[in-house]
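Right, one structure below, let's go through it.
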Amino acid sequence: MKKYLIVSLISLLLLLLTACAQPASQGGGVNLNLPDDIPVLSGAIDLAVNATGRGTLVNYQFDTTDVNVVVDYYKSALVSAGWQDGPSADIVANDSATLVRVNDAGDIITVGIVRDPATGNVDVQVDVTRASE
């Protein structure tokens, strides 16, 4: 029960950050202005890349009903992009997950993954906070 509460709170926080972010680019599958160290699944739907005060916020949907497909992708892609295990363990529940990683510069990336019962897709939110910005 506690894990579900934590995942829900993190998802809510990411949604609030989305509402406050300034759009840098947006479009179906177009990844303009997407930093190289932020992986996005090929086939992303409604991709939005937003500049925040100290980083970048990315939102999109992926056409799958299986959250684990997206979790497995990010566990591998984050390592390839230079991210290491973060200060907290991954939280993976039935229909949601939160992954936190850091890089050598001290940047923090948080990936929120949740299945949207209304669309059947998986919603992905990637929030990067830069240490030096």
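Ligands are numbered from 1 in the order shown, chains are lettered A, B, ... in the order of the structure tokens, and residues start at 1 in each chain.
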
Find the spatial neighbours of region 90-106 of chain A, counting only C-alpha atoms, within a cut-off of 8 Å - ignore same-chain residues fewer than 3 positions away - and output them as a PDB file with C-alpha atoms, in the first residue's frame.
ATOM      1  CA  LYS A   3       4.476   1.759  -2.548  1.00  0.00           C
ATOM      2  CA  TYR A   4       1.253   2.699  -4.349  1.00  0.00           C
ATOM      3  CA  VAL A   7       4.156   6.096  -6.870  1.00  0.00           C
ATOM      4  CA  ILE A  10       5.526  11.058  -7.582  1.00  0.00           C
ATOM      5  CA  ASP A  66       2.344  -3.633 -20.472  1.00  0.00           C
ATOM      6  CA  VAL A  67       4.156  -1.243 -18.130  1.00  0.00           C
ATOM      7  CA  VAL A  71      10.352  -0.313 -17.523  1.00  0.00           C
ATOM      8  CA  LEU A  78      19.371   4.847 -18.982  1.00  0.00           C
ATOM      9  CA  GLY A  82      25.271   7.398 -18.777  1.00  0.00           C
ATOM     10  CA  TRP A  83      22.828   7.218 -15.869  1.00  0.00           C
ATOM     11  CA  GLN A  84      23.546   5.131 -12.745  1.00  0.00           C
ATOM     12  CA  ASP A  85      21.363   3.873  -9.895  1.00  0.00           C
ATOM     13  CA  GLY A  86      19.936   6.751  -7.923  1.00  0.00           C
ATOM     14  CA  PRO A  87      19.389   7.463  -4.255  1.00  0.00           C
ATOM     15  CA  ILE A 109      16.528  11.812 -13.901  1.00  0.00           C
ATOM     16  CA  THR A 110      13.153  10.528 -12.734  1.00  0.00           C
ATOM     17  CA  VAL A 111      11.060   8.356 -15.037  1.00  0.00           C
ATOM     18  CA  GLY A 112       7.383   7.989 -14.153  1.00  0.00           C
ATOM     19  CA  ILE A 113       5.509   5.252 -15.988  1.00  0.00           C
ATOM     20  CA  VAL A 114       1.793   4.579 -15.612  1.00  0.00           C
ATOM     21  CA  ARG A 115      -0.796   2.682 -17.642  1.00  0.00           C
ATOM     22  CA  ARG A 130      20.480  19.521 -13.971  1.00  0.00           C
ATOM     23  CA  ALA A 131      22.940  20.110 -11.154  1.00  0.00           C
TER      24      ALA A 131
END

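Rounded to one decimal, CA of Lys75 (chain A) and CA of Asp63 (chain A) lie 18.5 Å from each other.
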